[in-house]
>>> print(open('coords-v9.cif').read())   # mmCIF, C-alpha atoms and all ligand atoms
data_input
#
loop_
_atom_site.group_PDB
_atom_site.id
_atom_site.type_symbol
_atom_site.label_atom_id
_atom_site.label_comp_id
_atom_site.auth_asym_id
_atom_site.auth_seq_id
_atom_site.Cartn_x
_atom_site.Cartn_y
_atom_site.Cartn_z
ATOM 1 C CA MET A 1 -65.514 23.741 -16.425
ATOM 2 C CA SER A 2 -61.922 22.455 -16.074
ATOM 3 C CA GLY A 3 -62.441 19.393 -18.302
ATOM 4 C CA ALA A 4 -63.035 21.583 -21.342
ATOM 5 C CA ILE A 5 -60.085 23.938 -20.949
ATOM 6 C CA ALA A 6 -57.825 22.766 -23.793
ATOM 7 C CA TRP A 7 -57.078 23.892 -27.327
ATOM 8 C CA ARG A 8 -55.167 22.401 -30.213
ATOM 9 C CA THR A 9 -53.693 24.742 -32.802
ATOM 10 C CA PRO A 10 -51.629 23.762 -35.866
ATOM 11 C CA ARG A 11 -48.384 23.682 -33.840
ATOM 12 C CA LEU A 12 -49.459 23.498 -30.185
ATOM 13 C CA CYS A 13 -51.536 21.856 -27.517
ATOM 14 C CA CYS A 14 -52.625 24.307 -24.781
ATOM 15 C CA ARG A 15 -54.361 23.000 -21.697
ATOM 16 C CA LEU A 16 -54.796 23.223 -17.961
ATOM 17 C CA ALA A 17 -51.926 21.589 -16.139
ATOM 18 C CA LYS A 18 -52.258 18.218 -14.388
ATOM 19 C CA PRO A 19 -50.134 16.883 -11.484
ATOM 20 C CA ASP A 20 -48.475 14.572 -14.039
ATOM 21 C CA ASP A 21 -46.951 17.666 -15.665
ATOM 22 C CA ALA A 22 -44.642 18.429 -12.714
ATOM 23 C CA GLU A 23 -41.530 17.053 -14.386
ATOM 24 C CA ALA A 24 -42.179 18.849 -17.686
ATOM 25 C CA LEU A 25 -42.896 22.112 -15.857
ATOM 26 C CA TRP A 26 -39.742 21.747 -13.781
ATOM 27 C CA ARG A 27 -37.671 21.156 -16.932
ATOM 28 C CA TYR A 28 -39.180 24.257 -18.567
ATOM 29 C CA ARG A 29 -38.507 26.422 -15.502
ATOM 30 C CA THR A 30 -34.911 25.305 -15.087
ATOM 31 C CA ALA A 31 -34.049 25.433 -18.809
ATOM 32 C CA ASN A 32 -35.458 28.976 -19.094
ATOM 33 C CA ARG A 33 -34.333 30.348 -15.755
ATOM 34 C CA GLU A 34 -32.016 33.019 -17.186
ATOM 35 C CA HIS A 35 -34.342 33.852 -20.062
ATOM 36 C CA LEU A 36 -37.423 34.464 -17.902
ATOM 37 C CA ALA A 37 -35.798 35.988 -14.790
ATOM 38 C CA PRO A 38 -35.592 39.594 -16.144
ATOM 39 C CA TRP A 39 -39.384 39.623 -16.691
ATOM 40 C CA GLU A 40 -40.604 37.921 -13.521
ATOM 41 C CA PRO A 41 -40.604 38.416 -9.730
ATOM 42 C CA LEU A 42 -37.500 37.199 -7.907
ATOM 43 C CA ARG A 43 -37.567 33.435 -7.385
ATOM 44 C CA ASP A 44 -35.706 31.591 -4.636
ATOM 45 C CA ALA A 45 -33.711 28.431 -5.317
ATOM 46 C CA ALA A 46 -36.601 26.192 -4.221
ATOM 47 C CA TYR A 47 -38.664 27.432 -7.170
ATOM 48 C CA TYR A 48 -36.402 25.471 -9.498
ATOM 49 C CA THR A 49 -37.106 22.067 -7.940
ATOM 50 C CA GLN A 50 -39.507 19.396 -9.111
ATOM 51 C CA ALA A 51 -41.232 19.485 -5.700
ATOM 52 C CA HIS A 52 -42.017 23.152 -6.175
ATOM 53 C CA ALA A 53 -43.363 22.506 -9.670
ATOM 54 C CA LEU A 54 -45.731 19.911 -8.213
ATOM 55 C CA ARG A 55 -46.804 22.355 -5.494
ATOM 56 C CA SER A 56 -47.481 25.005 -8.158
ATOM 57 C CA LEU A 57 -49.678 22.579 -10.076
ATOM 58 C CA GLU A 58 -51.630 21.723 -6.927
ATOM 59 C CA GLU A 59 -52.121 25.407 -6.086
ATOM 60 C CA TRP A 60 -53.167 26.141 -9.652
ATOM 61 C CA MET A 61 -55.876 23.482 -9.463
ATOM 62 C CA VAL A 62 -57.278 25.147 -6.335
ATOM 63 C CA GLY A 63 -57.301 28.513 -8.121
ATOM 64 C CA VAL A 64 -59.198 27.020 -11.056
ATOM 65 C CA ALA A 65 -61.747 25.363 -8.777
ATOM 66 C CA ARG A 66 -62.325 28.736 -7.106
ATOM 67 C CA ASP A 67 -62.600 30.599 -10.436
ATOM 68 C CA GLN A 68 -59.618 32.757 -9.422
ATOM 69 C CA ALA A 69 -57.001 31.910 -12.027
ATOM 70 C CA TYR A 70 -56.596 29.728 -15.129
ATOM 71 C CA PRO A 71 -52.935 28.730 -15.700
ATOM 72 C CA ILE A 72 -52.457 27.068 -19.073
ATOM 73 C CA LEU A 73 -49.384 25.142 -20.197
ATOM 74 C CA ILE A 74 -48.350 25.308 -23.851
ATOM 75 C CA PHE A 75 -47.035 22.005 -25.190
ATOM 76 C CA ASP A 76 -45.819 20.613 -28.450
ATOM 77 C CA PRO A 77 -48.560 18.543 -30.119
ATOM 78 C CA ASP A 78 -47.246 15.341 -28.487
ATOM 79 C CA GLU A 79 -47.629 17.008 -25.038
ATOM 80 C CA ARG A 80 -44.144 16.019 -23.897
ATOM 81 C CA GLU A 81 -42.303 19.317 -23.762
ATOM 82 C CA VAL A 82 -43.608 22.537 -22.211
ATOM 83 C CA CYS A 83 -42.772 25.390 -24.575
ATOM 84 C CA GLY A 84 -44.444 28.133 -22.590
ATOM 85 C CA SER A 85 -47.343 29.101 -20.404
ATOM 86 C CA PHE A 86 -49.920 31.774 -19.872
ATOM 87 C CA THR A 87 -52.343 32.569 -17.067
ATOM 88 C CA PHE A 88 -55.615 34.390 -16.783
ATOM 89 C CA SER A 89 -55.232 35.482 -13.139
ATOM 90 C CA ASN A 90 -56.963 37.693 -10.574
ATOM 91 C CA VAL A 91 -60.370 36.908 -12.002
ATOM 92 C CA VAL A 92 -62.954 39.339 -10.625
ATOM 93 C CA ARG A 93 -66.647 38.755 -11.264
ATOM 94 C CA GLY A 94 -69.617 41.037 -10.446
ATOM 95 C CA PRO A 95 -69.785 44.225 -12.504
ATOM 96 C CA PHE A 96 -66.068 43.987 -13.472
ATOM 97 C CA GLN A 97 -65.778 40.534 -15.154
ATOM 98 C CA ALA A 98 -62.055 41.085 -15.663
ATOM 99 C CA CYS A 99 -58.675 39.421 -15.217
ATOM 100 C CA GLN A 100 -54.943 39.873 -15.801
ATOM 101 C CA LEU A 101 -53.044 37.956 -18.477
ATOM 102 C CA GLY A 102 -49.410 36.910 -18.070
ATOM 103 C CA TYR A 103 -47.329 34.728 -20.414
ATOM 104 C CA GLY A 104 -43.889 33.426 -21.308
ATOM 105 C CA LEU A 105 -42.292 31.262 -23.989
ATOM 106 C CA ALA A 106 -39.138 29.168 -23.888
ATOM 107 C CA ALA A 107 -36.164 31.098 -25.224
ATOM 108 C CA ASP A 108 -35.776 28.860 -28.263
ATOM 109 C CA ARG A 109 -39.482 29.075 -29.149
ATOM 110 C CA GLN A 110 -39.601 32.839 -29.600
ATOM 111 C CA GLY A 111 -39.929 34.530 -32.979
ATOM 112 C CA GLN A 112 -42.142 31.856 -34.556
ATOM 113 C CA GLY A 113 -45.584 33.293 -33.802
ATOM 114 C CA LEU A 114 -46.288 30.594 -31.215
ATOM 115 C CA MET A 115 -47.593 32.847 -28.440
ATOM 116 C CA ARG A 116 -50.039 34.517 -30.836
ATOM 117 C CA GLU A 117 -51.147 31.093 -31.969
ATOM 118 C CA ALA A 118 -51.699 30.029 -28.351
ATOM 119 C CA LEU A 119 -53.397 33.200 -27.121
ATOM 120 C CA ALA A 120 -55.833 33.889 -29.965
ATOM 121 C CA PRO A 121 -58.117 30.905 -29.180
ATOM 122 C CA ALA A 122 -57.523 31.386 -25.451
ATOM 123 C CA LEU A 123 -58.895 34.922 -25.650
ATOM 124 C CA ASP A 124 -61.930 33.628 -27.569
ATOM 125 C CA TRP A 125 -62.464 31.235 -24.679
ATOM 126 C CA ALA A 126 -61.979 33.957 -22.038
ATOM 127 C CA PHE A 127 -64.536 36.227 -23.719
ATOM 128 C CA GLY A 128 -66.801 33.270 -24.528
ATOM 129 C CA PRO A 129 -67.270 30.374 -22.086
ATOM 130 C CA LEU A 130 -65.349 32.074 -19.261
ATOM 131 C CA GLY A 131 -67.625 35.078 -19.589
ATOM 132 C CA LEU A 132 -65.063 37.853 -19.114
ATOM 133 C CA HIS A 133 -65.554 41.375 -20.389
ATOM 134 C CA ARG A 134 -61.996 42.730 -19.993
ATOM 135 C CA VAL A 135 -58.563 41.098 -20.101
ATOM 136 C CA MET A 136 -55.696 43.309 -18.910
ATOM 137 C CA ALA A 137 -52.021 42.763 -19.706
ATOM 138 C CA ASN A 138 -49.137 44.934 -18.591
ATOM 139 C CA TYR A 139 -45.530 44.995 -19.752
ATOM 140 C CA LEU A 140 -42.233 46.687 -19.063
ATOM 141 C CA PRO A 141 -41.660 49.560 -21.520
ATOM 142 C CA ARG A 142 -38.411 47.872 -22.648
ATOM 143 C CA ASN A 143 -40.156 44.576 -23.398
ATOM 144 C CA ALA A 144 -40.737 45.322 -27.073
ATOM 145 C CA ARG A 145 -41.587 41.718 -27.964
ATOM 146 C CA SER A 146 -44.363 41.677 -25.391
ATOM 147 C CA GLY A 147 -45.708 45.015 -26.612
ATOM 148 C CA ARG A 148 -45.810 43.771 -30.224
ATOM 149 C CA LEU A 149 -47.569 40.568 -29.213
ATOM 150 C CA LEU A 150 -50.293 42.443 -27.340
ATOM 151 C CA ALA A 151 -50.823 44.949 -30.155
ATOM 152 C CA VAL A 152 -51.225 42.131 -32.688
ATOM 153 C CA LEU A 153 -53.784 40.460 -30.431
ATOM 154 C CA GLY A 154 -55.849 43.659 -30.244
ATOM 155 C CA PHE A 155 -54.864 44.957 -26.815
ATOM 156 C CA GLU A 156 -55.018 48.738 -26.518
ATOM 157 C CA ARG A 157 -52.734 50.922 -24.447
ATOM 158 C CA GLU A 158 -54.510 52.517 -21.497
ATOM 159 C CA GLY A 159 -51.654 54.262 -19.738
ATOM 160 C CA LEU A 160 -48.379 53.980 -17.876
ATOM 161 C CA ALA A 161 -48.414 52.908 -14.232
ATOM 162 C CA ARG A 162 -45.486 54.165 -12.169
ATOM 163 C CA SER A 163 -43.592 51.700 -9.975
ATOM 164 C CA TYR A 164 -46.277 49.110 -10.659
ATOM 165 C CA LEU A 165 -44.760 45.656 -10.129
ATOM 166 C CA GLN A 166 -41.614 44.305 -8.517
ATOM 167 C CA ILE A 167 -39.764 42.577 -11.360
ATOM 168 C CA ALA A 168 -36.415 40.875 -10.750
ATOM 169 C CA GLY A 169 -36.331 42.678 -7.406
ATOM 170 C CA THR A 170 -36.972 46.229 -8.665
ATOM 171 C CA TRP A 171 -40.194 48.245 -8.692
ATOM 172 C CA GLU A 172 -40.820 48.888 -12.368
ATOM 173 C CA ASP A 173 -43.125 51.149 -14.383
ATOM 174 C CA HIS A 174 -45.482 49.203 -16.662
ATOM 175 C CA VAL A 175 -47.445 49.961 -19.797
ATOM 176 C CA LEU A 176 -51.088 49.082 -19.095
ATOM 177 C CA THR A 177 -53.105 47.507 -21.900
ATOM 178 C CA ALA A 178 -56.480 45.837 -22.140
ATOM 179 C CA LYS A 179 -58.683 44.013 -24.591
ATOM 180 C CA ILE A 180 -62.439 44.307 -24.261
ATOM 181 C CA ALA A 181 -64.872 41.555 -25.206
ATOM 182 C CA PRO A 182 -65.978 41.929 -28.818
ATOM 183 C CA GLY A 183 -69.551 42.882 -29.571
HETATM 184 C C1 LIG A 201 -43.137 37.999 -24.801
HETATM 185 C C2 LIG A 201 -42.932 36.719 -25.614
HETATM 186 C C3 LIG A 201 -43.992 35.693 -25.221
HETATM 187 C C4 LIG A 201 -43.100 37.071 -27.103
HETATM 188 O O1 LIG A 201 -42.723 35.953 -27.875
HETATM 189 P P1 LIG A 201 -42.743 36.030 -29.487
HETATM 190 O O2 LIG A 201 -42.272 34.749 -30.011
HETATM 191 O O3 LIG A 201 -42.069 37.268 -29.920
HETATM 192 O O4 LIG A 201 -44.282 36.227 -29.765
HETATM 193 P P2 LIG A 201 -45.165 35.760 -30.964
HETATM 194 O O5 LIG A 201 -45.677 34.415 -30.778
HETATM 195 O O6 LIG A 201 -46.169 36.842 -31.144
HETATM 196 O O7 LIG A 201 -44.186 35.735 -32.222
HETATM 197 C C5 LIG A 201 -44.117 36.857 -33.026
HETATM 198 C C6 LIG A 201 -42.800 36.870 -33.749
HETATM 199 O O8 LIG A 201 -42.642 35.669 -34.513
HETATM 200 C C7 LIG A 201 -42.439 36.009 -35.901
HETATM 201 N N1 LIG A 201 -43.007 34.911 -36.686
HETATM 202 C C8 LIG A 201 -42.243 33.966 -37.314
HETATM 203 N N2 LIG A 201 -43.048 33.052 -37.873
HETATM 204 C C9 LIG A 201 -44.323 33.423 -37.624
HETATM 205 C C10 LIG A 201 -45.579 32.875 -37.961
HETATM 206 N N3 LIG A 201 -45.686 31.720 -38.638
HETATM 207 N N4 LIG A 201 -46.701 33.500 -37.531
HETATM 208 C C11 LIG A 201 -46.607 34.653 -36.835
HETATM 209 N N5 LIG A 201 -45.430 35.215 -36.491
HETATM 210 C C12 LIG A 201 -44.297 34.601 -36.881
HETATM 211 C C13 LIG A 201 -43.119 37.341 -36.051
HETATM 212 O O9 LIG A 201 -42.587 38.073 -37.135
HETATM 213 C C14 LIG A 201 -42.762 38.009 -34.727
HETATM 214 O O10 LIG A 201 -41.456 38.476 -34.714
HETATM 215 P P3 LIG A 201 -41.190 40.045 -34.478
HETATM 216 O O11 LIG A 201 -41.889 40.422 -33.186
HETATM 217 O O12 LIG A 201 -39.701 40.107 -34.398
HETATM 218 O O13 LIG A 201 -41.785 40.726 -35.630
HETATM 219 C C15 LIG A 201 -41.526 36.120 -25.401
HETATM 220 O O14 LIG A 201 -40.556 37.049 -25.880
HETATM 221 C C16 LIG A 201 -41.197 35.788 -23.950
HETATM 222 O O15 LIG A 201 -41.633 34.786 -23.439
HETATM 223 N N6 LIG A 201 -40.413 36.651 -23.279
HETATM 224 C C17 LIG A 201 -39.978 36.421 -21.911
HETATM 225 C C18 LIG A 201 -41.117 36.478 -20.918
HETATM 226 C C19 LIG A 201 -41.928 37.735 -21.050
HETATM 227 O O16 LIG A 201 -41.447 38.766 -21.460
HETATM 228 N N7 LIG A 201 -43.207 37.643 -20.683
HETATM 229 C C20 LIG A 201 -44.134 38.766 -20.778
HETATM 230 C C21 LIG A 201 -44.000 39.673 -19.635
HETATM 231 S S1 LIG A 201 -45.065 41.093 -19.870
#
>>> encode(input="coords-v9.cif", output="structure tokens")
Amino acid sequence: MSGAIAWRTPRLCCRLAKPDDAEALWRYRTANREHLAPWEPLRDAAYYTQAHALRSLEEWMVGVARDQAYPILIFDPDEREVCGSFTFSNVVRGPFQACQLGYGLAADRQGQGLMREALAPALDWAFGPLGLHRVMANYLPRNARSGRLLAVLGFEREGLARSYLQIAGTWEDHVLTAKIAPG
């Protein structure tokens, strides 16, 4: 299935990462370190090295082969610069057919509708060829941008989970949302 996981939109190219992308991923991580840190788990210094980016890409490929997670890099149309990423993770099959969705954009790419543009076809793919029934996405109550993005994409609020994830070193409450397969 991995060969087909790619989308072009008017302003973006979204696709599964390849080992060749290590340098571009490393540049994205280091350039956006301060921007992304408040919304992510604590990272150690090694995370911001090119070697770690390569290791991430190798681990991601294993996750895809096992149908566990689908990490997608968002590029400019010329595929040189990573402008963001999103991941369908924790894929569970059987009677659940569900996953979690996480995402992030480069600081200077926010406010242009790019994440919506990337995620709309990706969700069609998740509910179509990937065969999922439910995609769940959770956000910090203070992350208004993330909340707006999910609402626009049709995610519905399901509740508030106390002390749900450790973000930037602190256990944080999260708003739980989900989108169910259409039809
Ligand atoms: C969450 C995040 C991806 C949202 O990015 P974003 O750029 O606001 O998301 P969108 O792609 O939906 O862009 C929508 C914004 O672009 C504006 N916009 C400008 N041009 C647009 C266009 N052509 N089409 C659509 N929207 C456009 C919209 O008005 C909207 O702005 P608003 O929310 O102020 O009204 C981004 O803030 C981010 O990466 N944050 C850090 C990491 C993070 O929080 N991850 C999620 C953890 S839960």
>>> resolve_selection(input="coords-v9.cif", expression="the PyMOL selection byres (((chain A and resi 166) around 12) and not hetatm)", output="PDB file with C-alpha atoms, in the frame of the given file")
ATOM      1  CA  ALA A  37     -35.798  35.988 -14.790  1.00  0.00           C
ATOM      2  CA  PRO A  38     -35.592  39.594 -16.144  1.00  0.00           C
ATOM      3  CA  TRP A  39     -39.384  39.623 -16.691  1.00  0.00           C
ATOM      4  CA  GLU A  40     -40.604  37.921 -13.521  1.00  0.00           C
ATOM      5  CA  PRO A  41     -40.604  38.416  -9.730  1.00  0.00           C
ATOM      6  CA  LEU A  42     -37.500  37.199  -7.907  1.00  0.00           C
ATOM      7  CA  ARG A  43     -37.567  33.435  -7.385  1.00  0.00           C
ATOM      8  CA  TYR A 139     -45.530  44.995 -19.752  1.00  0.00           C
ATOM      9  CA  LEU A 140     -42.233  46.687 -19.063  1.00  0.00           C
ATOM     10  CA  ARG A 162     -45.486  54.165 -12.169  1.00  0.00           C
ATOM     11  CA  SER A 163     -43.592  51.700  -9.975  1.00  0.00           C
ATOM     12  CA  TYR A 164     -46.277  49.110 -10.659  1.00  0.00           C
ATOM     13  CA  LEU A 165     -44.760  45.656 -10.129  1.00  0.00           C
ATOM     14  CA  ILE A 167     -39.764  42.577 -11.360  1.00  0.00           C
ATOM     15  CA  ALA A 168     -36.415  40.875 -10.750  1.00  0.00           C
ATOM     16  CA  GLY A 169     -36.331  42.678  -7.406  1.00  0.00           C
ATOM     17  CA  THR A 170     -36.972  46.229  -8.665  1.00  0.00           C
ATOM     18  CA  TRP A 171     -40.194  48.245  -8.692  1.00  0.00           C
ATOM     19  CA  GLU A 172     -40.820  48.888 -12.368  1.00  0.00           C
ATOM     20  CA  ASP A 173     -43.125  51.149 -14.383  1.00  0.00           C
ATOM     21  CA  HIS A 174     -45.482  49.203 -16.662  1.00  0.00           C
TER      22      HIS A 174
END
>>> atom_distance(input="coords-v9.cif", atom1="atom CA of Tyr28 of chain A", atom2="atom CA of Asn143 of chain A")
20.9 Å
>>> resolve_selection(input="coords-v9.cif", expression="the PyMOL selection byres (((chain A and resi 127-134) around 6) and not hetatm)", output="list in words")
Gln97, Ala98, Asp124, Trp125, Ala126, Val135, Lys179, Ile180 and Ala181 of chain A
>>> residues_near_ligand(input="coords-v9.cif", ligand="ligand LIG 201 (chain A)", cutoff="10 Å", atoms="only C-alpha atoms and all ligand atoms", output="PyMOL selection string")
chain A and resi 11+32+34-40+83-86+101-119+137-153+167+174-175
>>> atom_distance(input="coords-v9.cif", atom1="atom CA of Ala122 of chain A", atom2="atom CA of Arg15 of chain A")
9.7 Å
>>> residues_around(input="coords-v9.cif", residues="Met61 of chain A", least_positions_apart="4", cutoff="12 Å", atoms="all atoms listed in the file", output="number ranges by chain")
A: 1-3, 16-19, 54-57, 65-72
>>> resolve_selection(input="coords-v9.cif", expression="the PyMOL selection byres (((chain A and resi 29) around 9) and not hetatm)", output="PyMOL selection string")
chain A and resi 24-28+30-33+36+47-49+53+106
>>> build_atoms(input="coords-v9.cif", residues="segment 138-157 of chain A", atoms="N, CA and C atoms", output="short mmCIF file (atom, residue, chain, number, x, y, z; two decimals), keeping the file's coordinate frame")
data_model
loop_
_atom_site.label_atom_id
_atom_site.label_comp_id
_atom_site.auth_asym_id
_atom_site.auth_seq_id
_atom_site.Cartn_x
_atom_site.Cartn_y
_atom_site.Cartn_z
N ASN A 138 -50.05 43.82 -18.83
CA ASN A 138 -49.14 44.93 -18.59
C ASN A 138 -47.71 44.48 -18.88
N TYR A 139 -46.91 45.39 -19.41
CA TYR A 139 -45.53 45.00 -19.75
C TYR A 139 -44.55 46.12 -19.48
N LEU A 140 -43.31 45.72 -19.26
CA LEU A 140 -42.23 46.69 -19.06
C LEU A 140 -42.03 47.47 -20.36
N PRO A 141 -41.85 48.79 -20.28
CA PRO A 141 -41.66 49.56 -21.52
C PRO A 141 -40.53 49.02 -22.40
N ARG A 142 -39.51 48.39 -21.83
CA ARG A 142 -38.41 47.87 -22.65
C ARG A 142 -38.69 46.48 -23.24
N ASN A 143 -39.84 45.92 -22.89
CA ASN A 143 -40.16 44.58 -23.40
C ASN A 143 -40.90 44.70 -24.73
N ALA A 144 -40.13 45.04 -25.76
CA ALA A 144 -40.74 45.32 -27.07
C ALA A 144 -41.48 44.11 -27.63
N ARG A 145 -40.94 42.93 -27.44
CA ARG A 145 -41.59 41.72 -27.96
C ARG A 145 -42.98 41.56 -27.37
N SER A 146 -43.07 41.82 -26.06
CA SER A 146 -44.36 41.68 -25.39
C SER A 146 -45.34 42.74 -25.91
N GLY A 147 -44.86 43.95 -26.08
CA GLY A 147 -45.71 45.02 -26.61
C GLY A 147 -46.24 44.68 -28.00
N ARG A 148 -45.37 44.13 -28.87
CA ARG A 148 -45.81 43.77 -30.22
C ARG A 148 -46.87 42.66 -30.19
N LEU A 149 -46.61 41.68 -29.34
CA LEU A 149 -47.57 40.57 -29.21
C LEU A 149 -48.95 41.09 -28.82
N LEU A 150 -49.00 41.95 -27.82
CA LEU A 150 -50.29 42.44 -27.34
C LEU A 150 -50.99 43.29 -28.40
N ALA A 151 -50.22 44.11 -29.11
CA ALA A 151 -50.82 44.95 -30.16
C ALA A 151 -51.44 44.07 -31.25
N VAL A 152 -50.71 43.03 -31.64
CA VAL A 152 -51.22 42.13 -32.69
C VAL A 152 -52.51 41.45 -32.24
N LEU A 153 -52.60 41.15 -30.95
CA LEU A 153 -53.78 40.46 -30.43
C LEU A 153 -54.96 41.41 -30.18
N GLY A 154 -54.74 42.71 -30.40
CA GLY A 154 -55.85 43.66 -30.24
C GLY A 154 -55.94 44.33 -28.89
N PHE A 155 -54.88 44.24 -28.10
CA PHE A 155 -54.86 44.96 -26.82
C PHE A 155 -54.56 46.43 -27.09
N GLU A 156 -55.22 47.29 -26.34
CA GLU A 156 -55.02 48.74 -26.52
C GLU A 156 -54.35 49.32 -25.29
N ARG A 157 -53.45 50.26 -25.54
CA ARG A 157 -52.73 50.92 -24.45
C ARG A 157 -53.69 51.82 -23.66
#
